[in-house]
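Note: the block below is work10.cif and it holds mmCIF, C-alpha atoms.
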data_data
#
loop_
_atom_site.label_atom_id
_atom_site.label_comp_id
_atom_site.auth_asym_id
_atom_site.auth_seq_id
_atom_site.Cartn_x
_atom_site.Cartn_y
_atom_site.Cartn_z
CA MET A 1 14.12 -17.13 13.25
CA ARG A 2 12.80 -14.38 15.53
CA VAL A 3 11.33 -11.51 13.52
CA LEU A 4 10.01 -8.21 14.89
CA MET A 5 7.78 -6.28 12.52
CA LEU A 6 7.68 -2.48 12.85
CA ALA A 7 4.46 -1.04 11.41
CA GLN A 8 2.85 2.25 12.39
CA SER A 9 -0.62 0.67 12.25
CA TYR A 10 -1.94 -2.86 12.15
CA ALA A 11 -5.20 -4.79 11.88
CA PRO A 12 -8.04 -4.11 12.46
CA ILE A 13 -6.97 -0.80 10.88
CA VAL A 14 -7.91 -1.25 7.21
CA GLY A 15 -5.27 -0.57 4.57
CA GLY A 16 -3.01 -2.25 2.06
CA VAL A 17 0.14 -2.10 4.20
CA GLU A 18 -1.74 -3.24 7.30
CA ARG A 19 -3.11 -6.26 5.44
CA MET A 20 0.32 -7.04 4.04
CA VAL A 21 2.04 -6.94 7.45
CA GLU A 22 -0.65 -9.12 9.00
CA ASP A 23 -0.61 -11.66 6.16
CA LEU A 24 3.18 -11.85 6.12
CA SER A 25 3.34 -12.25 9.90
CA LEU A 26 0.82 -15.10 9.82
CA GLU A 27 2.54 -16.85 6.90
CA LEU A 28 5.97 -16.62 8.56
CA GLY A 29 4.46 -18.04 11.74
CA ARG A 30 3.10 -20.98 9.78
CA ARG A 31 6.58 -21.58 8.43
CA GLY A 32 8.02 -21.93 11.92
CA HIS A 33 9.31 -18.43 12.64
CA ARG A 34 8.57 -16.55 15.84
CA VAL A 35 6.96 -13.28 14.76
CA SER A 36 5.89 -10.29 16.81
CA VAL A 37 4.62 -6.86 15.76
CA ALA A 38 5.30 -3.43 17.24
CA THR A 39 2.69 -0.86 16.26
CA LEU A 40 1.48 2.53 17.49
CA ARG A 41 -1.50 2.86 19.78
CA GLN A 42 -4.37 4.20 17.72
CA PRO A 43 -6.97 6.92 18.51
CA ALA A 44 -9.92 4.54 18.72
CA GLY A 45 -7.96 2.12 20.91
CA GLU A 46 -8.55 -0.81 18.58
CA ALA A 47 -7.51 -4.13 20.04
CA PRO A 48 -5.30 -6.20 17.71
CA PRO A 49 -6.91 -9.45 16.56
CA PRO A 50 -5.94 -12.50 18.63
CA GLY A 51 -4.68 -15.81 17.28
CA GLY A 52 -2.29 -16.86 14.58
CA GLY A 53 0.63 -17.10 16.97
CA VAL A 54 1.60 -13.46 16.29
CA GLU A 55 2.09 -11.32 19.39
CA VAL A 56 1.18 -7.67 18.87
CA HIS A 57 2.72 -4.96 21.06
CA THR A 58 1.20 -1.47 21.01
CA ILE A 59 3.59 1.38 21.79
CA GLY A 60 3.17 5.06 22.51
CA SER A 61 4.11 8.18 20.58
CA MET A 62 4.94 11.56 22.05
CA VAL A 63 4.37 13.52 18.84
CA HIS A 64 0.65 12.75 18.81
CA ARG A 65 0.15 14.60 22.08
CA VAL A 66 1.42 17.80 20.49
CA PRO A 67 -1.54 19.99 19.41
CA GLY A 68 -1.96 20.18 15.66
CA MET A 69 0.32 17.25 14.86
CA HIS A 70 -2.42 14.76 13.93
CA LEU A 71 -2.25 13.97 10.23
CA ASP A 72 -5.25 11.64 10.23
CA ALA A 73 -8.18 11.54 12.65
CA GLU A 74 -8.55 7.78 12.19
CA ARG A 75 -4.97 6.63 12.79
CA HIS A 76 -1.60 7.67 14.15
CA HIS A 77 1.32 7.97 11.77
CA ALA A 78 4.99 7.73 12.66
CA PRO A 79 7.07 10.88 12.02
CA PRO A 80 10.15 10.87 9.76
CA LEU A 81 12.45 11.48 12.74
CA PRO A 82 12.74 9.58 16.06
CA ASP A 83 9.91 9.94 18.55
CA LEU A 84 11.51 9.76 22.01
CA GLU A 85 8.63 7.88 23.64
CA THR A 86 8.44 5.37 20.80
CA THR A 87 12.20 4.81 20.94
CA ARG A 88 12.06 4.24 24.69
CA GLU A 89 9.29 1.66 24.38
CA LEU A 90 11.04 -0.07 21.49
CA ARG A 91 14.17 -0.37 23.64
CA ARG A 92 12.20 -2.27 26.29
CA LEU A 93 10.58 -4.44 23.64
CA LEU A 94 13.92 -5.37 22.08
CA ARG A 95 15.19 -6.59 25.45
CA SER A 96 12.25 -8.95 25.84
CA GLU A 97 11.85 -10.09 22.22
CA ARG A 98 15.55 -10.38 21.24
CA PRO A 99 14.81 -10.56 17.50
CA ASP A 100 17.24 -11.79 14.90
CA VAL A 101 15.69 -9.49 12.28
CA ILE A 102 13.87 -6.18 12.48
CA HIS A 103 11.50 -5.92 9.51
CA ALA A 104 10.31 -2.32 9.22
CA HIS A 105 7.50 -1.20 6.93
CA ASN A 106 7.28 2.59 7.16
CA TRP A 107 8.54 5.63 9.10
CA LEU A 108 8.30 3.80 12.42
CA VAL A 109 11.80 2.63 11.52
CA ASN A 110 13.07 6.14 12.29
CA SER A 111 12.30 5.67 15.98
CA TYR A 112 14.30 2.44 15.92
CA LEU A 113 17.42 3.97 14.35
CA PRO A 114 18.83 5.38 17.65
CA LEU A 115 18.84 1.78 18.94
CA ASP A 116 20.48 0.23 15.87
CA ARG A 117 23.89 -1.30 16.49
CA ARG A 118 26.04 -3.30 14.11
CA SER A 119 26.11 -6.06 16.73
CA GLY A 120 22.32 -6.04 16.96
CA PRO A 121 19.59 -7.58 14.82
CA ALA A 122 19.67 -7.26 11.06
CA LEU A 123 17.51 -4.47 9.66
CA VAL A 124 15.26 -4.97 6.62
CA LEU A 125 13.03 -2.21 5.23
CA SER A 126 10.05 -2.97 3.02
CA MET A 127 9.40 0.09 0.86
CA HIS A 128 5.64 0.25 0.35
CA ASP A 129 5.81 3.90 -0.71
CA TYR A 130 8.29 6.62 -1.67
CA GLY A 131 8.85 7.76 1.92
CA LEU A 132 12.62 7.28 1.77
CA VAL A 133 12.94 10.40 -0.39
CA CYS A 134 9.44 11.95 -0.53
CA ALA A 135 7.83 13.79 2.37
CA THR A 136 4.29 13.06 1.14
CA LYS A 137 5.30 9.48 0.14
CA ARG A 138 3.40 9.94 -3.16
CA PHE A 139 5.99 11.32 -5.61
CA LEU A 140 3.38 13.76 -6.87
CA ASN A 141 4.07 17.49 -7.14
CA ARG A 142 1.15 19.87 -7.67
CA GLY A 143 -0.91 17.26 -9.48
CA SER A 144 1.88 16.03 -11.76
CA ASP A 145 4.42 13.23 -11.63
CA CYS A 146 7.37 14.53 -9.58
CA THR A 147 10.76 14.82 -11.26
CA GLY A 148 12.65 14.21 -8.02
CA PRO A 149 13.28 15.72 -4.57
CA ARG A 150 14.77 19.16 -3.99
CA VAL A 151 14.67 20.89 -0.62
CA GLY A 152 12.72 24.00 -1.59
CA LYS A 153 10.30 22.11 -3.82
CA CYS A 154 9.71 19.45 -1.17
CA VAL A 155 9.03 22.03 1.55
CA ARG A 156 6.44 23.74 -0.66
CA CYS A 157 4.84 20.45 -1.73
CA ALA A 158 4.68 19.08 1.82
CA GLY A 159 3.28 22.43 2.98
CA ASP A 160 0.45 22.12 0.46
CA TYR A 161 -0.22 18.56 1.62
CA TYR A 162 0.12 18.78 5.43
CA GLY A 163 -0.10 22.50 6.10
CA ARG A 164 2.79 24.97 5.94
CA LEU A 165 4.43 24.51 9.36
CA LYS A 166 3.82 20.79 9.66
CA GLY A 167 4.85 20.22 6.06
CA ALA A 168 8.15 22.03 6.50
CA GLY A 169 8.97 19.82 9.49
CA VAL A 170 8.08 16.62 7.64
CA ALA A 171 10.08 17.64 4.56
CA VAL A 172 13.19 18.54 6.55
CA GLY A 173 12.79 15.40 8.68
CA THR A 174 12.59 13.20 5.61
CA ARG A 175 15.74 14.74 4.16
CA LEU A 176 17.64 14.34 7.44
CA ALA A 177 16.53 10.72 7.94
CA GLU A 178 17.44 9.50 4.45
CA PRO A 179 21.25 9.22 4.77
CA ARG A 180 21.01 7.51 8.14
CA LEU A 181 18.51 4.99 6.78
CA ARG A 182 20.76 4.23 3.82
CA ARG A 183 23.61 3.50 6.22
CA ALA A 184 21.60 1.46 8.73
CA VAL A 185 19.36 -0.73 6.56
CA ASP A 186 20.99 -4.03 5.61
CA VAL A 187 18.55 -4.92 2.81
CA PHE A 188 15.97 -2.70 1.14
CA LEU A 189 12.84 -4.43 -0.18
CA PRO A 190 11.03 -2.14 -2.66
CA VAL A 191 7.66 -3.56 -3.67
CA SER A 192 8.11 -2.65 -7.34
CA THR A 193 10.59 -1.42 -9.90
CA ALA A 194 8.92 2.01 -9.67
CA VAL A 195 9.73 2.30 -5.96
CA ARG A 196 13.28 1.06 -6.48
CA ASP A 197 14.02 3.46 -9.30
CA ARG A 198 12.33 6.57 -7.88
CA CYS A 199 13.93 6.10 -4.46
CA GLY A 200 17.30 5.37 -6.01
CA VAL A 201 18.22 2.23 -4.06
CA GLU A 202 20.00 0.57 -6.99
CA GLY A 203 23.32 1.18 -5.25
CA GLU A 204 22.24 -0.32 -1.91
CA LEU A 205 21.76 -4.00 -1.20
CA HIS A 206 18.16 -4.60 -2.25
CA ARG A 207 15.70 -7.12 -3.62
CA ILE A 208 12.35 -6.32 -5.26
CA VAL A 209 9.77 -8.31 -3.31
CA PRO A 210 6.18 -7.52 -4.29
CA ASN A 211 3.12 -7.79 -2.12
CA PHE A 212 1.46 -11.18 -2.15
CA ILE A 213 -2.16 -12.15 -2.09
CA ARG A 214 -3.81 -14.91 -0.08
CA GLU A 215 -7.14 -16.54 -0.90
CA LEU A 216 -9.72 -13.82 -1.32
CA PRO A 217 -12.15 -13.59 1.61
CA ALA A 218 -15.84 -14.33 1.42
CA PRO A 219 -18.34 -11.87 2.92
CA ALA A 220 -20.47 -12.70 5.90
CA GLU A 221 -23.68 -14.45 4.93
CA ARG A 222 -26.59 -12.15 4.20
CA ASP A 223 -24.51 -9.00 4.66
CA PRO A 224 -27.09 -6.24 4.05
CA ARG A 225 -24.49 -4.05 2.35
CA LEU A 226 -24.40 -6.51 -0.55
CA ASP A 227 -28.11 -5.97 -1.12
CA ALA A 228 -27.38 -2.32 -1.91
CA LEU A 229 -25.21 -3.24 -4.92
CA PRO A 230 -26.89 -2.94 -8.34
CA PRO A 231 -28.58 -6.21 -9.34
CA GLU A 232 -27.18 -5.98 -12.88
CA PRO A 233 -23.43 -6.21 -13.72
CA PHE A 234 -21.48 -3.01 -13.09
CA ILE A 235 -18.13 -1.27 -13.47
CA LEU A 236 -16.23 -1.07 -10.18
CA TYR A 237 -13.80 1.42 -8.66
CA ILE A 238 -12.31 0.71 -5.20
CA GLY A 239 -10.39 3.41 -3.35
CA ASP A 240 -10.72 7.02 -2.29
CA VAL A 241 -12.43 8.96 -5.07
CA THR A 242 -10.07 11.90 -5.47
CA ILE A 243 -8.50 13.98 -8.23
CA ASP A 244 -5.10 12.36 -7.56
CA LYS A 245 -6.62 8.91 -8.01
CA GLY A 246 -8.10 9.88 -11.36
CA GLY A 247 -11.63 10.32 -10.07
CA GLY A 248 -12.30 13.28 -12.34
CA GLN A 249 -11.22 11.40 -15.47
CA LEU A 250 -13.31 8.41 -14.42
CA ILE A 251 -16.48 10.46 -14.10
CA GLU A 252 -15.90 12.18 -17.44
CA ALA A 253 -15.05 8.88 -19.17
CA TYR A 254 -18.19 7.27 -17.75
CA LYS A 255 -20.29 10.08 -19.22
CA ALA A 256 -18.78 9.33 -22.64
CA LEU A 257 -19.76 5.63 -22.64
CA GLU A 258 -22.59 4.32 -24.80
CA ASN A 259 -25.42 2.79 -22.77
CA PRO A 260 -23.18 2.18 -19.76
CA PRO A 261 -24.02 -0.16 -16.88
CA PRO A 262 -23.88 1.27 -13.34
CA LEU A 263 -20.59 2.57 -11.98
CA VAL A 264 -19.98 1.52 -8.36
CA LEU A 265 -17.56 3.53 -6.21
CA ILE A 266 -16.33 1.93 -2.96
CA GLY A 267 -14.27 4.31 -0.85
CA ARG A 268 -14.41 7.81 0.54
CA CYS A 269 -15.84 10.08 -2.16
CA TYR A 270 -14.25 13.53 -2.26
CA LEU A 271 -15.77 14.46 -5.64
CA LYS A 272 -19.23 15.79 -4.93
CA GLU A 273 -20.19 15.75 -8.61
CA ALA A 274 -20.03 11.93 -8.48
CA GLU A 275 -22.67 11.69 -5.78
CA GLY A 276 -26.15 11.65 -7.22
CA MET A 277 -24.91 11.47 -10.82
CA PRO A 278 -27.14 9.19 -12.95
CA GLY A 279 -25.80 5.65 -13.03
CA VAL A 280 -23.20 6.24 -10.30
CA HIS A 281 -23.51 4.48 -6.93
CA ALA A 282 -21.14 5.91 -4.29
CA PHE A 283 -21.10 3.61 -1.24
CA GLY A 284 -18.27 5.00 0.85
CA ARG A 285 -16.08 2.59 2.75
CA MET A 286 -16.97 -1.08 2.96
CA PRO A 287 -15.29 -4.00 4.76
CA HIS A 288 -12.63 -5.72 2.71
CA ALA A 289 -14.65 -8.93 2.28
CA VAL A 290 -17.65 -6.97 0.98
CA ALA A 291 -15.47 -5.05 -1.48
CA ILE A 292 -14.05 -8.35 -2.75
CA GLU A 293 -17.54 -9.73 -3.30
CA ALA A 294 -18.35 -6.57 -5.25
CA LEU A 295 -15.30 -7.35 -7.40
CA ARG A 296 -16.64 -10.83 -8.11
CA ARG A 297 -19.98 -9.37 -9.21
CA SER A 298 -18.44 -6.67 -11.41
CA LEU A 299 -17.71 -6.68 -15.13
CA PHE A 300 -14.24 -5.20 -14.61
CA SER A 301 -12.32 -2.86 -12.34
CA VAL A 302 -10.84 0.57 -13.08
CA ILE A 303 -7.74 2.17 -11.50
CA PRO A 304 -7.21 5.47 -13.38
CA SER A 305 -4.68 6.92 -10.94
CA LEU A 306 -2.57 9.99 -11.65
CA LEU A 307 -0.31 8.96 -8.77
CA PRO A 308 2.65 6.68 -9.50
CA GLU A 309 1.06 3.86 -7.47
CA THR A 310 3.77 1.96 -5.66
CA PHE A 311 2.37 -1.50 -6.38
CA GLY A 312 -1.27 -2.05 -7.25
CA LEU A 313 -2.80 -4.41 -4.71
CA ALA A 314 -6.29 -3.49 -5.94
CA ALA A 315 -5.28 -4.59 -9.45
CA LEU A 316 -3.93 -7.86 -8.09
CA GLU A 317 -7.13 -8.53 -6.14
CA ALA A 318 -9.20 -7.88 -9.26
CA ALA A 319 -7.04 -10.35 -11.19
CA ALA A 320 -7.45 -12.95 -8.45
CA ALA A 321 -11.23 -12.43 -8.65
CA GLY A 322 -11.05 -13.14 -12.39
CA ARG A 323 -11.85 -9.61 -13.50
CA PRO A 324 -10.00 -7.50 -16.10
CA VAL A 325 -8.46 -4.21 -15.00
CA VAL A 326 -8.23 -0.86 -16.76
CA ALA A 327 -5.33 0.92 -15.07
CA SER A 328 -2.98 3.84 -15.63
CA ARG A 329 0.39 3.05 -17.15
CA ILE A 330 2.27 4.45 -14.20
CA GLY A 331 4.22 3.27 -11.17
CA GLY A 332 3.87 -0.25 -9.82
CA LEU A 333 0.63 -0.90 -11.73
CA THR A 334 2.80 -1.85 -14.69
CA ASP A 335 4.32 -4.68 -12.60
CA VAL A 336 0.86 -6.20 -12.05
CA VAL A 337 -1.32 -5.54 -15.12
CA VAL A 338 -0.19 -7.18 -18.37
CA ASP A 339 -1.43 -4.84 -21.09
CA GLY A 340 -3.73 -6.58 -23.56
CA GLU A 341 -3.65 -9.82 -21.56
CA THR A 342 -5.07 -9.23 -18.07
CA GLY A 343 -6.43 -5.77 -18.81
CA PHE A 344 -5.49 -2.47 -20.42
CA LEU A 345 -2.87 0.07 -19.40
CA ILE A 346 -3.86 3.61 -20.40
CA LEU A 347 -2.23 7.02 -20.50
CA PRO A 348 -2.62 8.62 -17.04
CA GLY A 349 -5.07 11.50 -17.09
CA SER A 350 -6.52 10.67 -20.50
CA ARG A 351 -10.30 10.62 -20.43
CA ASP A 352 -10.39 9.40 -24.02
CA ASP A 353 -8.03 6.44 -23.41
CA LEU A 354 -9.98 5.47 -20.31
CA ALA A 355 -13.35 5.66 -22.06
CA ALA A 356 -12.08 3.68 -25.07
CA ALA A 357 -10.69 0.87 -22.90
CA MET A 358 -13.86 0.69 -20.83
CA GLN A 359 -16.08 0.67 -23.93
CA ARG A 360 -14.03 -2.09 -25.50
CA LEU A 361 -14.50 -4.32 -22.47
CA LEU A 362 -18.20 -3.52 -22.30
CA ASP A 363 -18.66 -4.46 -25.95
CA ASP A 364 -16.65 -7.70 -25.92
CA GLU A 365 -17.76 -10.34 -23.44
CA PRO A 366 -15.34 -13.04 -24.77
CA LEU A 367 -12.47 -10.58 -24.27
CA ARG A 368 -13.55 -9.98 -20.66
CA THR A 369 -13.66 -13.74 -20.11
CA ARG A 370 -10.19 -14.32 -21.60
CA MET A 371 -8.68 -11.49 -19.60
CA GLY A 372 -10.35 -12.70 -16.41
CA LYS A 373 -8.84 -16.17 -16.83
CA ALA A 374 -5.43 -14.69 -17.62
CA GLY A 375 -5.76 -12.50 -14.53
CA ARG A 376 -6.29 -15.52 -12.29
CA ARG A 377 -3.14 -17.12 -13.73
CA ARG A 378 -1.23 -13.88 -13.20
CA ALA A 379 -2.45 -13.61 -9.59
CA GLY A 380 -1.09 -17.11 -8.95
CA GLU A 381 2.42 -15.72 -9.47
CA PHE A 382 1.86 -13.51 -6.40
CA GLY A 383 0.71 -16.22 -3.99
CA PRO A 384 2.34 -16.63 -0.55
CA GLU A 385 4.04 -19.87 -1.59
CA ALA A 386 5.92 -17.88 -4.27
CA ILE A 387 6.61 -14.63 -2.39
CA VAL A 388 7.13 -15.49 1.30
CA PRO A 389 10.34 -17.51 0.62
CA ARG A 390 11.75 -14.36 -0.96
CA PHE A 391 11.31 -12.56 2.37
CA GLU A 392 13.11 -15.42 4.13
CA GLU A 393 15.96 -15.17 1.63
CA ALA A 394 16.13 -11.43 2.28
CA TYR A 395 16.39 -12.07 6.03
CA GLU A 396 19.31 -14.44 5.49
CA LEU A 397 20.93 -11.90 3.21
CA ALA A 398 20.48 -9.18 5.83
CA LEU A 399 21.95 -11.37 8.58
CA ALA A 400 24.97 -12.07 6.39
CA ALA A 401 25.35 -8.37 5.63
CA ARG A 402 25.13 -7.50 9.34
CA ARG A 403 27.87 -10.04 10.10
CA GLY A 404 29.97 -8.70 7.27
CA SER A 405 29.90 -12.08 5.54
CA PRO A 406 31.23 -12.23 1.96
CA ALA A 407 27.99 -14.05 1.06
CA ALA A 408 26.18 -10.72 1.33
#
Now that the file is in, can you turn its structure into structure tokens?
Amino acid sequence: MRVLMLAQSYAPIVGGVERMVEDLSLELGRRGHRVSVATLRQPAGEAPPPGGGVEVHTIGSMVHRVPGMHLDAERHHAPPLPDLETTRELRRLLRSERPDVIHAHNWLVNSYLPLDRRSGPALVLSMHDYGLVCATKRFLNRGSDCTGPRVGKCVRCAGDYYGRLKGAGVAVGTRLAEPRLRRAVDVFLPVSTAVRDRCGVEGELHRIVPNFIRELPAPAERDPRLDALPPEPFILYIGDVTIDKGGGQLIEAYKALENPPPLVLIGRCYLKEAEGMPGVHAFGRMPHAVAIEALRRSLFSVIPSLLPETFGLAALEAAAAGRPVVASRIGGLTDVVVDGETGFLILPGSRDDLAAAMQRLLDDEPLRTRMGKAGRRRAGEFGPEAIVPRFEEAYELALAARRGSPAA
């Protein structure tokens, strides 16, 4: 089968979706499919990694030449409506690649929609976030779990997130794109029940297909960044340290612990009170392999997010590393963490719940060991050999739906 992935960014850009698209492309290639990737050219001009049999095509975007339209200095993002330059380059790419299936992963799909024809390739959309209905993709409104989209509310929320003018355009664009996407996509692939339910795709043809995890990488030998980690066991948090991610509750819960070990933060730290706080080591960003090695050296991992996380790849990686997880009972984290078995699920935003779960793990080494072993077993359910065939089944389903076959 010929599959064309549409992803706004790709390796070596670091991110959960980027890793997922790369891993899936490589696994499909190993299974005999011809896979190519279309991705936006990025500000730093990163060259895609060679090898693996996956051909990567970088394409342009007109919107990023408009002053003030950059959402992120480190990477280009696709807008929620078609970008004329991107659509033009995708048209040329379709003529040369002639895919059977278009597998889209984010808003880059909107620039493909003007080219979609019922006689053309089947269209599958992996839903890694809430972008089908939410302009910020987070389903968070003014620091609280959102109750659902409404035009006025979404314009205000997006304005707070992107800036007033830009936010209004993104909110309106998201609302305009939604009905066309629902008509064009043959099979929706939400990564969790949370994404399915909040985006309301129960009525469309869909399958929940979670992210998968390959063998965890090892760091380069003698990586000096590993020498900076505390020599004694520590609690680990991986991700941007922000209010939305529960950073404030984490710091307060850590203060409440009795004789705590060090707390290691890996990711951009936006909470200045965390930097320089006794016992807290804020390292900023680290390569994925180094972060995984930090997981292996940790006592357990914490994910105290206030956001309804769409899946919980960080929780799955911790499980694969044999470490318990303390995570918020919200969003896709509940699809990954088995409460009381592979870790603890806590009330989002509760400092007391977070501190109690952390203290319990600190005080009970046999419990940490049991949960770590259960986590490894749980992670095995998300291996490529279990998940990749579900993508292949979705492709066949999409092809049948595109042909109008009763099998769909």
Practice item. List the residues matched by the PyMOL selection byres ((chain A and resi 260) around 12) in the displayed structure as number ranges by chain, ordered by chain and then by residue number. Key: A: 232-235, 253-259, 261-264, 278-280, 299, 355, 358-363
Expand the PyMOL selection byres ((chain A and resi 192-204) around 7) into the explicit residue set it covers here, and present it as a short mmCIF file (atom, residue, chain, number, x, y, z; two decimals) with C-alpha atoms, keeping the file's coordinate frame.
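Wrote it out as expr_2.cif, contents follow:
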data_model
loop_
_atom_site.label_atom_id
_atom_site.label_comp_id
_atom_site.auth_asym_id
_atom_site.auth_seq_id
_atom_site.Cartn_x
_atom_site.Cartn_y
_atom_site.Cartn_z
CA ASP A 129 5.81 3.90 -0.71
CA TYR A 130 8.29 6.62 -1.67
CA LEU A 132 12.62 7.28 1.77
CA VAL A 133 12.94 10.40 -0.39
CA PRO A 190 11.03 -2.14 -2.66
CA VAL A 191 7.66 -3.56 -3.67
CA LEU A 205 21.76 -4.00 -1.20
CA HIS A 206 18.16 -4.60 -2.25
CA ILE A 208 12.35 -6.32 -5.26
CA PRO A 210 6.18 -7.52 -4.29
CA THR A 310 3.77 1.96 -5.66
CA PHE A 311 2.37 -1.50 -6.38
CA GLY A 331 4.22 3.27 -11.17
CA GLY A 332 3.87 -0.25 -9.82
CA ASP A 335 4.32 -4.68 -12.60
#
Any chance you could work out the axis-aligned box around segment 113-126 of chain A, listed atoms only, 3 Å on each side, giving centre and edge lengths in Å to one decimal, as JSON?
{"center_x": 18.1, "center_y": -1.1, "center_z": 11.0, "size_x": 22.1, "size_y": 19.0, "size_z": 21.9}
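When only C-alpha atoms are used to measure the gap to Gly246 of chain A, the shortest distance among A:Val54, A:Leu271, A:Leu176, A:Leu189 belongs to A:Leu271.
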**Study point:** Pairwise distance for atom CA of His57 of chain A and atom CA of Thr39 of chain A, rounded to one decimal in Å
**Key:** 6.3 Å
Complete segment 199-212 of chain A at the level of N, CA and C atoms, written as a CSV table (one decimal), in the frame of the given file.
chain,number,residue,atom,x,y,z
A,199,CYS,N,13.2,5.9,-5.7
A,199,CYS,CA,13.9,6.1,-4.5
A,199,CYS,C,15.4,5.9,-4.6
A,200,GLY,N,15.9,5.5,-5.7
A,200,GLY,CA,17.3,5.4,-6.0
A,200,GLY,C,18.0,4.4,-5.1
A,201,VAL,N,17.5,3.2,-4.9
A,201,VAL,CA,18.2,2.2,-4.1
A,201,VAL,C,19.0,1.2,-4.9
A,202,GLU,N,19.3,1.5,-6.2
A,202,GLU,CA,20.0,0.6,-7.0
A,202,GLU,C,21.4,0.3,-6.4
A,203,GLY,N,22.0,1.3,-5.8
A,203,GLY,CA,23.3,1.2,-5.2
A,203,GLY,C,23.4,0.4,-3.9
A,204,GLU,N,22.3,0.4,-3.2
A,204,GLU,CA,22.2,-0.3,-1.9
A,204,GLU,C,21.9,-1.8,-2.1
A,205,LEU,N,22.2,-2.6,-1.1
A,205,LEU,CA,21.8,-4.0,-1.2
A,205,LEU,C,20.2,-4.0,-1.2
A,206,HIS,N,19.6,-4.6,-2.2
A,206,HIS,CA,18.2,-4.6,-2.2
A,206,HIS,C,17.7,-5.8,-3.0
A,207,ARG,N,16.4,-6.1,-2.8
A,207,ARG,CA,15.7,-7.1,-3.6
A,207,ARG,C,14.3,-6.6,-3.8
A,208,ILE,N,13.8,-6.7,-5.0
A,208,ILE,CA,12.4,-6.3,-5.3
A,208,ILE,C,11.5,-7.5,-4.8
A,209,VAL,N,10.7,-7.3,-3.8
A,209,VAL,CA,9.8,-8.3,-3.3
A,209,VAL,C,8.4,-7.7,-3.3
A,210,PRO,N,7.5,-8.1,-4.2
A,210,PRO,CA,6.2,-7.5,-4.3
A,210,PRO,C,5.3,-8.0,-3.2
A,211,ASN,N,4.2,-7.3,-3.0
A,211,ASN,CA,3.1,-7.8,-2.1
A,211,ASN,C,2.6,-9.1,-2.6
A,212,PHE,N,2.1,-9.9,-1.7
A,212,PHE,CA,1.5,-11.2,-2.2
A,212,PHE,C,0.0,-11.2,-1.8
